[in-house]
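K.L.:
Got a file for you: entry.txt, compact mmCIF, C-alpha atoms.
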```txt
# COMPACT_ATOMS: atom_id res chain seq x y z
CA MET A 1 84.82 8.71 2.94
CA GLU A 2 81.51 9.94 4.37
CA LEU A 3 79.01 10.81 1.67
CA THR A 4 75.60 12.39 1.37
CA MET A 5 73.73 10.50 -1.33
CA CYS A 6 70.50 11.08 -3.19
CA CYS A 7 68.27 8.63 -5.07
CA PRO A 8 65.84 10.23 -7.52
CA THR A 9 62.62 8.22 -7.73
CA LEU A 10 59.47 8.08 -9.81
CA PHE A 11 56.82 10.13 -8.01
CA GLY A 12 54.97 7.93 -5.58
CA LEU A 13 57.89 5.59 -4.88
CA GLU A 14 59.81 7.72 -2.38
CA GLY A 15 58.53 5.83 0.67
CA ILE A 16 59.32 2.45 -0.87
CA VAL A 17 62.91 3.47 -1.65
CA ALA A 18 63.30 4.90 1.86
CA ASP A 19 62.17 1.57 3.30
CA GLU A 20 64.62 -0.30 1.05
CA LEU A 21 67.42 1.81 2.50
CA ARG A 22 66.24 1.49 6.11
CA PHE A 23 65.51 -2.23 6.15
CA GLY A 24 67.73 -3.62 3.37
CA GLY A 25 70.62 -1.19 3.82
CA ARG A 26 70.14 -0.89 7.59
CA LEU A 27 70.49 2.88 7.43
CA THR A 28 69.08 5.34 9.93
CA GLU A 29 69.77 8.72 8.31
CA VAL A 30 67.17 8.48 5.53
CA ARG A 31 64.93 11.38 4.40
CA ALA A 32 62.19 10.94 1.79
CA GLU A 33 61.23 14.08 -0.15
CA ASN A 34 59.23 14.72 -3.32
CA GLY A 35 60.83 12.70 -6.10
CA ARG A 36 63.95 11.75 -4.15
CA VAL A 37 65.41 10.11 -1.05
CA LEU A 38 68.50 11.45 0.76
CA PHE A 39 70.75 9.32 2.96
CA GLU A 40 74.20 9.19 4.52
CA GLY A 41 76.90 6.54 4.20
CA ASP A 42 80.29 5.60 2.83
CA GLU A 43 81.50 3.85 -0.33
CA HIS A 44 80.22 0.51 0.99
CA THR A 45 76.75 2.08 1.23
CA LEU A 46 77.16 3.50 -2.28
CA ALA A 47 78.03 0.11 -3.79
CA TRP A 48 75.22 -1.63 -1.89
CA ALA A 49 72.65 0.92 -3.04
CA ASN A 50 73.56 0.64 -6.71
CA LEU A 51 73.46 -3.16 -6.66
CA ASN A 52 70.41 -3.72 -4.46
CA LEU A 53 67.88 -0.89 -4.72
CA ARG A 54 64.92 -2.08 -6.80
CA CYS A 55 62.79 1.07 -7.00
CA ALA A 56 65.28 3.97 -7.19
CA GLU A 57 66.27 5.56 -10.50
CA ARG A 58 69.90 6.44 -9.72
CA VAL A 59 72.39 6.88 -6.90
CA LEU A 60 73.90 10.36 -6.82
CA ILE A 61 76.56 11.86 -4.55
CA ARG A 62 75.41 15.28 -3.34
CA LEU A 63 78.31 17.73 -3.47
CA GLY A 64 76.56 20.81 -2.17
CA SER A 65 73.73 23.33 -2.29
CA PHE A 66 73.74 27.13 -2.50
CA ARG A 67 71.73 30.12 -3.69
CA ALA A 68 72.34 31.08 -7.32
CA LYS A 69 70.34 33.95 -8.76
CA SER A 70 73.15 35.00 -11.11
CA PHE A 71 75.76 33.28 -13.24
CA ASP A 72 78.50 34.75 -11.02
CA ALA A 73 76.89 33.16 -7.96
CA LEU A 74 76.56 29.85 -9.81
CA PHE A 75 80.22 29.94 -10.87
CA GLU A 76 81.53 30.74 -7.41
CA GLY A 77 79.28 28.22 -5.70
CA VAL A 78 80.37 25.42 -8.01
CA ARG A 79 84.05 26.35 -7.79
CA ALA A 80 83.88 26.15 -3.98
CA LEU A 81 82.92 22.47 -4.03
CA PRO A 82 85.59 19.73 -3.55
CA TRP A 83 85.54 18.23 -7.05
CA GLU A 84 89.12 17.02 -6.75
CA GLN A 85 88.06 14.49 -4.12
CA PHE A 86 86.42 12.55 -6.91
CA ILE A 87 87.57 13.71 -10.36
CA PRO A 88 91.20 12.89 -11.30
CA LYS A 89 93.36 14.72 -13.84
CA ASP A 90 92.12 12.64 -16.76
CA GLY A 91 88.49 12.32 -15.64
CA ALA A 92 85.70 13.20 -18.05
CA PHE A 93 83.13 15.48 -16.43
CA PRO A 94 80.14 16.23 -18.68
CA VAL A 95 77.33 18.34 -17.23
CA LYS A 96 73.56 18.00 -17.47
CA GLY A 97 70.63 19.14 -15.38
CA HIS A 98 67.46 21.17 -15.13
CA SER A 99 66.11 24.46 -13.79
CA LEU A 100 62.64 25.24 -12.45
CA ASP A 101 61.16 28.56 -11.32
CA SER A 102 64.59 30.20 -11.19
CA ALA A 103 66.29 33.28 -12.60
CA LEU A 104 68.86 31.00 -14.29
CA HIS A 105 66.56 29.21 -16.72
CA SER A 106 68.87 28.65 -19.72
CA ILE A 107 70.10 25.05 -19.39
CA PRO A 108 72.92 25.37 -21.99
CA ASP A 109 74.26 28.50 -20.26
CA CYS A 110 74.13 26.82 -16.85
CA GLN A 111 75.98 23.82 -18.26
CA LYS A 112 78.75 26.04 -19.62
CA ILE A 113 79.15 27.98 -16.38
CA ILE A 114 79.26 24.81 -14.25
CA LYS A 115 81.74 23.15 -16.60
CA LYS A 116 83.96 26.23 -16.49
CA ALA A 117 83.76 26.45 -12.69
CA VAL A 118 84.69 22.78 -12.18
CA ALA A 119 87.61 23.16 -14.60
CA ALA A 120 88.77 26.25 -12.69
CA ARG A 121 88.72 24.31 -9.41
CA LEU A 122 90.63 21.37 -10.89
CA GLU A 123 93.13 23.73 -12.56
CA GLN A 124 93.88 25.27 -9.18
CA VAL A 125 94.43 21.83 -7.61
CA TYR A 126 96.23 20.00 -10.42
CA HIS A 127 98.15 23.01 -11.78
CA GLN A 128 97.20 22.34 -15.38
CA SER A 129 95.02 24.43 -17.67
CA TRP A 130 93.87 21.74 -20.12
CA PHE A 131 91.93 18.58 -19.32
CA GLU A 132 91.76 15.92 -22.02
CA GLU A 133 88.98 14.05 -20.21
CA SER A 134 90.20 10.72 -21.58
CA GLY A 135 89.54 8.69 -18.43
CA ALA A 136 86.47 7.44 -16.58
CA LYS A 137 83.24 9.43 -16.73
CA TYR A 138 82.17 11.53 -13.74
CA GLN A 139 78.74 12.74 -14.80
CA ILE A 140 77.86 16.04 -13.12
CA GLN A 141 74.17 16.73 -12.54
CA PHE A 142 72.65 19.99 -11.38
CA ALA A 143 69.19 20.99 -10.25
CA ILE A 144 68.26 24.66 -9.83
CA MET A 145 64.90 25.10 -8.12
CA HIS A 146 63.58 28.41 -6.78
CA ASP A 147 67.07 29.91 -7.24
CA THR A 148 68.81 27.23 -5.17
CA ALA A 149 71.39 25.12 -6.97
CA GLU A 150 72.24 21.54 -6.00
CA LEU A 151 75.24 19.72 -7.52
CA TYR A 152 75.67 15.97 -7.79
CA LEU A 153 77.87 13.26 -9.27
CA ASP A 154 76.00 10.37 -10.85
CA THR A 155 77.53 7.07 -9.71
CA SER A 156 75.17 4.78 -11.60
CA GLY A 157 75.65 5.66 -15.26
CA ALA A 158 72.65 4.11 -16.98
CA GLY A 159 69.49 4.39 -14.88
CA LEU A 160 68.97 1.67 -12.28
CA HIS A 161 65.83 0.52 -14.09
CA LYS A 162 68.16 -0.85 -16.77
CA ARG A 163 68.85 -4.17 -15.07
CA GLY A 164 70.59 -5.77 -18.03
CA TYR A 165 68.03 -8.45 -18.84
CA ARG A 166 65.74 -6.45 -21.13
CA ALA A 167 67.76 -5.55 -24.20
CA ASN A 168 64.52 -5.63 -26.19
CA SER A 169 60.98 -4.77 -25.15
CA ASN A 170 57.49 -4.44 -26.55
CA ALA A 171 55.99 -1.15 -27.76
CA ALA A 172 54.88 0.04 -24.30
CA PRO A 173 57.28 -1.34 -21.69
CA LEU A 174 56.70 -0.96 -17.98
CA ARG A 175 59.71 0.48 -16.20
CA GLU A 176 61.44 -2.16 -14.08
CA THR A 177 61.56 0.06 -11.00
CA LEU A 178 57.78 0.57 -11.16
CA ALA A 179 57.13 -3.14 -11.70
CA ALA A 180 59.19 -3.95 -8.60
CA ALA A 181 57.32 -1.28 -6.65
CA MET A 182 53.96 -2.82 -7.59
CA VAL A 183 55.11 -6.17 -6.22
CA LYS A 184 56.40 -4.53 -3.04
CA LEU A 185 53.17 -2.58 -2.53
CA ALA A 186 51.27 -5.89 -2.63
CA ARG A 187 53.74 -7.39 -0.14
CA TRP A 188 54.09 -10.46 -2.36
CA ARG A 189 56.99 -12.67 -1.26
CA GLY A 190 56.30 -15.91 -3.12
CA ARG A 191 53.89 -17.44 -0.61
CA GLU A 192 50.98 -17.57 -3.09
CA PRO A 193 50.60 -17.85 -6.87
CA LEU A 194 51.15 -14.78 -9.04
CA ILE A 195 49.72 -14.11 -12.48
CA ASP A 196 50.27 -11.27 -14.98
CA PRO A 197 47.80 -11.59 -17.89
CA PHE A 198 49.34 -8.69 -19.86
CA CYS A 199 52.99 -9.69 -19.51
CA GLY A 200 54.35 -7.63 -22.44
CA SER A 201 58.09 -8.14 -22.11
CA GLY A 202 57.70 -10.04 -18.81
CA THR A 203 58.78 -7.25 -16.48
CA ILE A 204 56.37 -7.73 -13.56
CA ALA A 205 56.81 -11.51 -13.46
CA ILE A 206 60.60 -11.24 -13.73
CA GLU A 207 60.86 -8.55 -11.05
CA ALA A 208 58.62 -10.64 -8.76
CA ALA A 209 60.84 -13.68 -9.27
CA MET A 210 63.95 -11.63 -8.51
CA ILE A 211 62.36 -10.32 -5.31
CA ALA A 212 61.28 -13.79 -4.21
CA GLN A 213 64.74 -15.25 -4.92
CA ARG A 214 66.43 -12.27 -3.26
CA ARG A 215 68.33 -11.71 -6.50
CA ALA A 216 69.94 -8.23 -6.50
CA PRO A 217 68.68 -6.21 -9.49
CA GLY A 218 72.13 -4.80 -10.34
CA LEU A 219 74.08 -8.05 -10.64
CA LEU A 220 73.94 -8.17 -14.46
CA ARG A 221 75.29 -4.67 -15.10
CA ALA A 222 78.15 -2.28 -14.39
CA PHE A 223 78.10 1.17 -12.75
CA ASP A 224 80.16 4.26 -13.56
CA ALA A 225 81.57 4.55 -10.03
CA GLU A 226 83.15 1.09 -10.30
CA LYS A 227 85.77 2.75 -12.51
CA TRP A 228 86.41 5.71 -10.23
CA ALA A 229 89.91 5.85 -8.78
CA CYS A 230 88.63 7.53 -5.61
CA PHE A 231 86.91 4.30 -4.56
CA ASP A 232 88.46 0.94 -3.70
CA ALA A 233 87.60 -1.68 -6.35
CA ALA A 234 87.62 -4.31 -3.58
CA VAL A 235 84.55 -2.64 -2.05
CA TRP A 236 82.56 -3.26 -5.23
CA ARG A 237 83.82 -6.84 -5.53
CA GLN A 238 82.77 -7.56 -1.96
CA ALA A 239 79.36 -5.94 -2.50
CA ARG A 240 78.78 -8.20 -5.52
CA GLU A 241 79.91 -11.28 -3.62
CA ASP A 242 77.57 -10.39 -0.75
CA ALA A 243 74.67 -9.92 -3.17
CA ILE A 244 75.36 -13.25 -4.86
CA GLY A 245 75.54 -14.92 -1.46
CA MET A 246 72.05 -13.64 -0.60
CA THR A 247 70.50 -15.13 -3.75
CA ASP A 248 68.45 -18.32 -3.49
CA GLY A 249 68.47 -19.25 -7.16
CA SER A 250 67.20 -22.79 -6.55
CA ALA A 251 63.92 -21.62 -5.01
CA ARG A 252 60.83 -22.05 -7.19
CA PHE A 253 57.67 -19.95 -7.11
CA PRO A 254 54.29 -20.18 -8.91
CA ILE A 255 54.63 -17.22 -11.29
CA VAL A 256 52.76 -17.14 -14.61
CA GLY A 257 52.76 -14.44 -17.27
CA SER A 258 50.64 -14.46 -20.39
CA ASP A 259 49.90 -12.28 -23.39
CA ILE A 260 47.65 -12.49 -26.40
CA ASP A 261 50.64 -11.62 -28.62
CA PRO A 262 52.94 -14.64 -29.19
CA ALA A 263 55.86 -12.29 -29.91
CA CYS A 264 55.52 -10.83 -26.39
CA VAL A 265 55.47 -14.32 -24.90
CA GLN A 266 58.67 -15.25 -26.70
CA LEU A 267 60.29 -11.96 -25.67
CA SER A 268 59.32 -12.55 -22.04
CA ILE A 269 60.81 -16.05 -22.11
CA GLU A 270 64.10 -14.67 -23.44
CA ASN A 271 64.19 -11.85 -20.88
CA ALA A 272 63.56 -14.29 -18.01
CA ARG A 273 66.43 -16.42 -19.26
CA LYS A 274 68.75 -13.40 -19.30
CA ALA A 275 67.60 -12.43 -15.79
CA GLY A 276 68.40 -15.90 -14.47
CA VAL A 277 64.83 -16.66 -13.34
CA SER A 278 63.57 -18.81 -16.21
CA GLY A 279 63.26 -21.78 -13.85
CA THR A 280 60.61 -20.06 -11.74
CA VAL A 281 58.60 -18.06 -14.31
CA PHE A 282 56.28 -19.60 -16.89
CA PHE A 283 54.94 -17.66 -19.90
CA GLU A 284 52.12 -18.66 -22.22
CA GLN A 285 49.90 -17.20 -24.93
CA ALA A 286 46.41 -16.42 -23.65
CA ASP A 287 43.60 -13.88 -23.92
CA ALA A 288 43.48 -12.01 -20.59
CA ALA A 289 39.69 -11.70 -20.72
CA ALA A 290 39.24 -15.44 -21.27
CA ARG A 291 41.61 -16.80 -18.60
CA ASP A 292 40.50 -18.83 -15.59
CA TYR A 293 40.82 -16.70 -12.46
CA SER A 294 39.06 -19.07 -10.05
CA GLY A 295 42.17 -19.91 -8.03
CA THR A 296 43.63 -17.94 -5.17
CA GLY A 297 46.72 -15.79 -5.52
CA VAL A 298 47.69 -12.32 -6.66
CA LEU A 299 47.07 -10.74 -10.05
CA PHE A 300 49.22 -7.89 -11.34
CA ALA A 301 48.21 -6.19 -14.56
CA ASN A 302 49.46 -3.34 -16.70
CA PRO A 303 46.82 -3.40 -19.47
CA PRO A 304 47.06 -1.06 -22.48
CA TYR A 305 46.35 2.58 -21.60
CA GLY A 306 45.04 3.62 -25.00
CA GLU A 307 48.09 5.86 -25.50
CA ARG A 308 50.79 3.70 -27.12
CA LEU A 309 48.87 0.42 -27.53
CA LEU A 310 45.22 0.35 -28.69
CA ASP A 311 43.02 3.44 -28.84
CA LEU A 312 41.19 4.63 -25.73
CA GLN A 313 37.85 3.14 -26.76
CA ALA A 314 39.42 -0.29 -27.35
CA ALA A 315 41.33 -0.05 -24.05
CA GLU A 316 38.15 0.76 -22.11
CA LYS A 317 36.34 -2.16 -23.76
CA LEU A 318 39.20 -4.38 -22.61
CA TYR A 319 38.89 -3.05 -19.03
CA ALA A 320 35.20 -3.99 -19.04
CA GLU A 321 35.93 -7.50 -20.33
CA LEU A 322 38.64 -7.94 -17.71
CA GLY A 323 36.29 -6.73 -14.99
CA ARG A 324 33.68 -9.31 -15.96
CA ALA A 325 36.32 -12.05 -15.98
CA LEU A 326 37.53 -11.08 -12.50
CA VAL A 327 34.27 -10.14 -10.79
CA LYS A 328 34.01 -13.46 -8.90
CA SER A 329 37.72 -14.19 -8.66
CA PRO A 330 39.16 -14.73 -5.16
CA MET A 331 42.50 -13.32 -6.32
CA LYS A 332 43.89 -10.08 -4.95
CA GLN A 333 44.18 -7.71 -7.89
CA TYR A 334 46.62 -4.86 -8.56
CA ILE A 335 45.91 -3.10 -11.84
CA LEU A 336 47.80 -0.08 -13.20
CA SER A 337 45.97 2.35 -15.47
CA SER A 338 46.20 5.97 -16.61
CA ASP A 339 42.50 6.13 -17.53
CA PRO A 340 40.48 8.20 -14.99
CA LEU A 341 37.42 6.15 -16.00
CA PHE A 342 39.10 2.80 -15.33
CA GLU A 343 36.92 1.84 -12.34
CA ARG A 344 33.72 2.68 -14.19
CA CYS A 345 34.79 0.47 -17.10
CA PHE A 346 36.12 -2.28 -14.82
CA GLY A 347 32.87 -2.32 -12.91
CA ARG A 348 34.16 -1.96 -9.35
CA LYS A 349 35.66 0.69 -7.12
CA ALA A 350 39.11 -0.16 -5.84
CA ASP A 351 39.65 -0.88 -2.16
CA LYS A 352 42.64 1.44 -2.34
CA ARG A 353 44.37 3.56 -4.99
CA ARG A 354 47.92 4.85 -5.26
CA LYS A 355 49.13 7.55 -7.64
CA LEU A 356 52.22 6.48 -9.59
CA TYR A 357 54.07 7.44 -12.75
CA ASN A 358 55.04 5.08 -15.56
CA GLY A 359 57.77 7.23 -17.08
CA MET A 360 55.97 10.52 -17.75
CA ILE A 361 52.49 8.95 -17.77
CA LYS A 362 50.43 9.66 -14.64
CA CYS A 363 48.73 6.46 -13.47
CA GLU A 364 46.88 4.95 -10.55
CA LEU A 365 47.43 1.52 -9.08
CA HIS A 366 43.95 0.13 -8.37
CA MET A 367 44.09 -2.38 -5.51
CA TYR A 368 41.37 -4.96 -4.85
CA PHE A 369 42.10 -7.13 -1.81
CA LYS A 370 39.51 -6.80 0.96
CA HIS A 371 37.38 -9.81 0.05
CA SER A 372 40.19 -12.09 -1.11
CA PRO A 373 40.41 -15.32 0.94
CA ARG A 374 43.65 -16.65 2.27
CA PRO A 375 45.43 -19.17 0.03
CA SER A 376 43.87 -22.63 0.31
CA ALA A 377 46.96 -24.36 -1.02
CA LYS A 378 50.59 -24.30 -0.15
CA PHE A 379 53.43 -25.13 -2.46
CA ASP A 380 56.85 -26.67 -2.30
CA ARG A 381 59.29 -24.17 -3.83
CA ASN A 382 61.76 -26.86 -4.73
CA THR A 383 59.50 -29.27 -6.63
CA SER A 384 58.78 -29.06 -10.33
CA GLY A 385 55.01 -29.14 -9.90
CA GLY A 386 55.06 -26.45 -7.25
CA PHE A 387 51.85 -27.28 -5.34
CA THR A 388 50.93 -29.72 -2.60
CA LYS A 389 47.61 -30.12 -0.80
CA ASN A 390 47.20 -28.76 2.69
CA SER A 391 47.68 -31.40 5.33
```
Could I get this structure in the form of structure tokens?

P.N.:
Amino acid sequence: MELTMCCPTLFGLEGIVADELRFGGRLTEVRAENGRVLFEGDEHTLAWANLNLRCAERVLIRLGSFRAKSFDALFEGVRALPWEQFIPKDGAFPVKGHSLDSALHSIPDCQKIIKKAVAARLEQVYHQSWFEESGAKYQIQFAIMHDTAELYLDTSGAGLHKRGYRANSNAAPLRETLAAAMVKLARWRGREPLIDPFCGSGTIAIEAAMIAQRRAPGLLRAFDAEKWACFDAAVWRQAREDAIGMTDGSARFPIVGSDIDPACVQLSIENARKAGVSGTVFFEQADAAARDYSGTGVLFANPPYGERLLDLQAAEKLYAELGRALVKSPMKQYILSSDPLFERCFGRKADKRRKLYNGMIKCELHMYFKHSPRPSAKFDRNTSGGFTKNS
């Protein structure tokens, strides 16, 4: 079955997701747009995308698009789509979505009309007027923008950022998809040490370890489309086997996370264990402003923004202390902050900045890398100590 699929993304991550699809999925028909990436493929592509994409939020099947300035137009447009190709007689088909700058702005009314139109289409095909919806869930999503409606089926279920290893988190967790994107933007692949001095629940360090070990982010969880009768279960089994076969779980990398809060350190240790990377990630209690940053490597940091942890004044004081600690460090530094005065507090202008969103919080990734020397040490990934001197 040929499908048009759509991956919603956090703003700023569209290009990264497009590259994941082009290089990891070996796809050619990939189009990055604001907040989403569109691509073509079959059910093998669908299973691969759900299991392997690190920076996308979901994988949706795009059913169709049409103008809808009235409820009649919305009803007829939805009814014309081939819902029966996916939804069986007992399928549950809840509806959710959003509308922006459109005549049809009432979300509850749009939900009712779309639900009624899908039921009318299925009634015509299955010759029954009542649907118990007792089977698998086929979540319908709609987006109405500038009077154009787009209809989708959500194949993922829970968002792809929910990897399955972080059942608990600290008060201000970093979304897993954004953590993975930070590592990808730095092009870190395990060839040099990595440190996260504000590890929180361990997300950046764990995502980095999963990238370095080529561990698919979706291996610990299930997806709604795995239960869909329209797809062959063997396709999903093969996709999982392929992903497991790509994993190099025995490889070891110099990854250290630390936090001043011992509860965060313990939480990070537990999350790394659940993720299957505890053998390559080390967590410890430490004050970020007092750490030794004299070695080479890459630093990733998501310090408190002054919104959910600390107040703004305390957060900016912390930025200044961190800046003083890092001013002579040879490490490449990638620091995420929502504070427009971050660079002034930190004491240096970034070599490059990238606008990103942590959930609904607008941030910038401040990148410092121009004067960082190349690593002076190499390491053996399969030894317990990790490092050997250059020969």

K.L.:
Near Leu341 in chain A, counting all atoms listed in the file, which residues have an atom at most 12 Å away, once you skip same-chain residues fewer than 2 positions from it, shown as an MDAnalysis selection string?

P.N.:
chainID A and resid 305 312:313 315:317 319:320 337:339 343:349 363:364 366

K.L.:
Please, what distance in Å, to one decimal, runs between CA of Leu299 in chain A and CA of Ile335 in chain A?

P.N.:
7.9 Å

K.L.:
Taking into account all atoms listed in the file, which residue in the set A:Arg215, A:Ala186, A:Phe142, A:Met210 is nearest to Met367 in chain A?

P.N.:
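Ranking A:Arg215, A:Ala186, A:Phe142, A:Met210 by distance to Met367 in chain A, first place goes to A:Ala186.
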
K.L.:
Grab the CA of Glu33 in chain A to CA of Phe66 in chain A distance for me, in Å with one decimal place.

P.N.:
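Separation of CA of Glu33 in chain A and CA of Phe66 in chain A: 18.2 Å.
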
K.L.:
Can you find the residues with an atom no farther than 10 Å from (46.5, 10.5, -9.3), counting all atoms listed in the file, and report them as a PDB file with C-alpha atoms, keeping the file's coordinate frame?

P.N.:
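As a result, selection.pdb now contains:
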```pdb
ATOM      1  CA  GLY A  12      54.970   7.930  -5.580  1.00  0.00           C
ATOM      2  CA  SER A 338      46.200   5.970 -16.610  1.00  0.00           C
ATOM      3  CA  PRO A 340      40.480   8.200 -14.990  1.00  0.00           C
ATOM      4  CA  ARG A 353      44.370   3.560  -4.990  1.00  0.00           C
ATOM      5  CA  ARG A 354      47.920   4.850  -5.260  1.00  0.00           C
ATOM      6  CA  LYS A 355      49.130   7.550  -7.640  1.00  0.00           C
ATOM      7  CA  LEU A 356      52.220   6.480  -9.590  1.00  0.00           C
ATOM      8  CA  TYR A 357      54.070   7.440 -12.750  1.00  0.00           C
ATOM      9  CA  LYS A 362      50.430   9.660 -14.640  1.00  0.00           C
ATOM     10  CA  CYS A 363      48.730   6.460 -13.470  1.00  0.00           C
ATOM     11  CA  GLU A 364      46.880   4.950 -10.550  1.00  0.00           C
ATOM     12  CA  LEU A 365      47.430   1.520  -9.080  1.00  0.00           C
TER      13      LEU A 365
END
```

K.L.:
Show me a table, sorted first by chain and then by increasing residue number, of the residues of range 5-109 of chain A having an atom at most 7 Å from range 228-240 of chain A, each with its shortest atom pair and the distance in Å to one decimal, counting only C-alpha atoms and written as a tab-separated table.

P.N.:
```
residue	atom	partner	partner_atom	distance
A:Glu43	CA	A:Phe231	CA	6.9
A:His44	CA	A:Val235	CA	6.2
A:Ala47	CA	A:Trp236	CA	5.8
A:Trp48	CA	A:Ala239	CA	6.0
A:Phe86	CA	A:Cys230	CA	5.6
```

K.L.:
Just the residues within 9 Å of Met331 in chain A, please, counting all atoms listed in the file, with nothing from its chain fewer than 6 positions along; format it as a list in words.

P.N.:
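The residues satisfying every condition are Tyr293, Ser294, Gly295, Thr296, Gly297, Val298, Leu299, Tyr368, Phe369, His371, Ser372 and Pro373 of chain A.
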
K.L.:
Counting all atoms listed in the file, figure out which residue out of A:Thr155, A:Asn52, A:Ser99, A:Asn302 gets nearest to Val17 in chain A.

P.N.:
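Counting all atoms listed in the file, the residue closest to Val17 in chain A is A:Asn52.
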
K.L.:
Find the spatial neighbours of Asp109 in chain A, counting only C-alpha atoms, within a cut-off of 12 Å - ignore same-chain residues fewer than 4 positions away - and output them as a VMD selection string.

P.N.:
chain A and resid 70 to 72 74 to 75 95 to 99 104 to 105 113 to 116

K.L.:
Can you measure CA of Asp287 in chain A to CA of Lys370 in chain A for me? One decimal in Å is fine.

P.N.:
26.2 Å

K.L.:
Taking 4 positions as the minimum chain separation for residues in the same chain, which residues sit within 6 Å of Val37 in chain A when counting all atoms listed in the file? Answer as an MDAnalysis selection string.

P.N.:
chainID A and resid 6:7 31:33

K.L.:
Rank A:Asp242, A:Glu2, A:Glu150, A:Asp196 by their smallest atom-to-atom distance to Tyr334 in chain A, using all atoms listed in the file, and report the top residue only.

P.N.:
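Result for the nearest residue to Tyr334 in chain A: A:Asp196.
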
K.L.:
Draw an axis-aligned box tight on the listed atoms of range 245-249 of chain A, then pad every side by 5 Å and write out centre and edge lengths in Å to one decimal as AutoDock Vina command-line options.

P.N.:
```
--center_x 72.0 --center_y -16.4 --center_z -3.9 --size_x 17.1 --size_y 15.6 --size_z 16.6
```
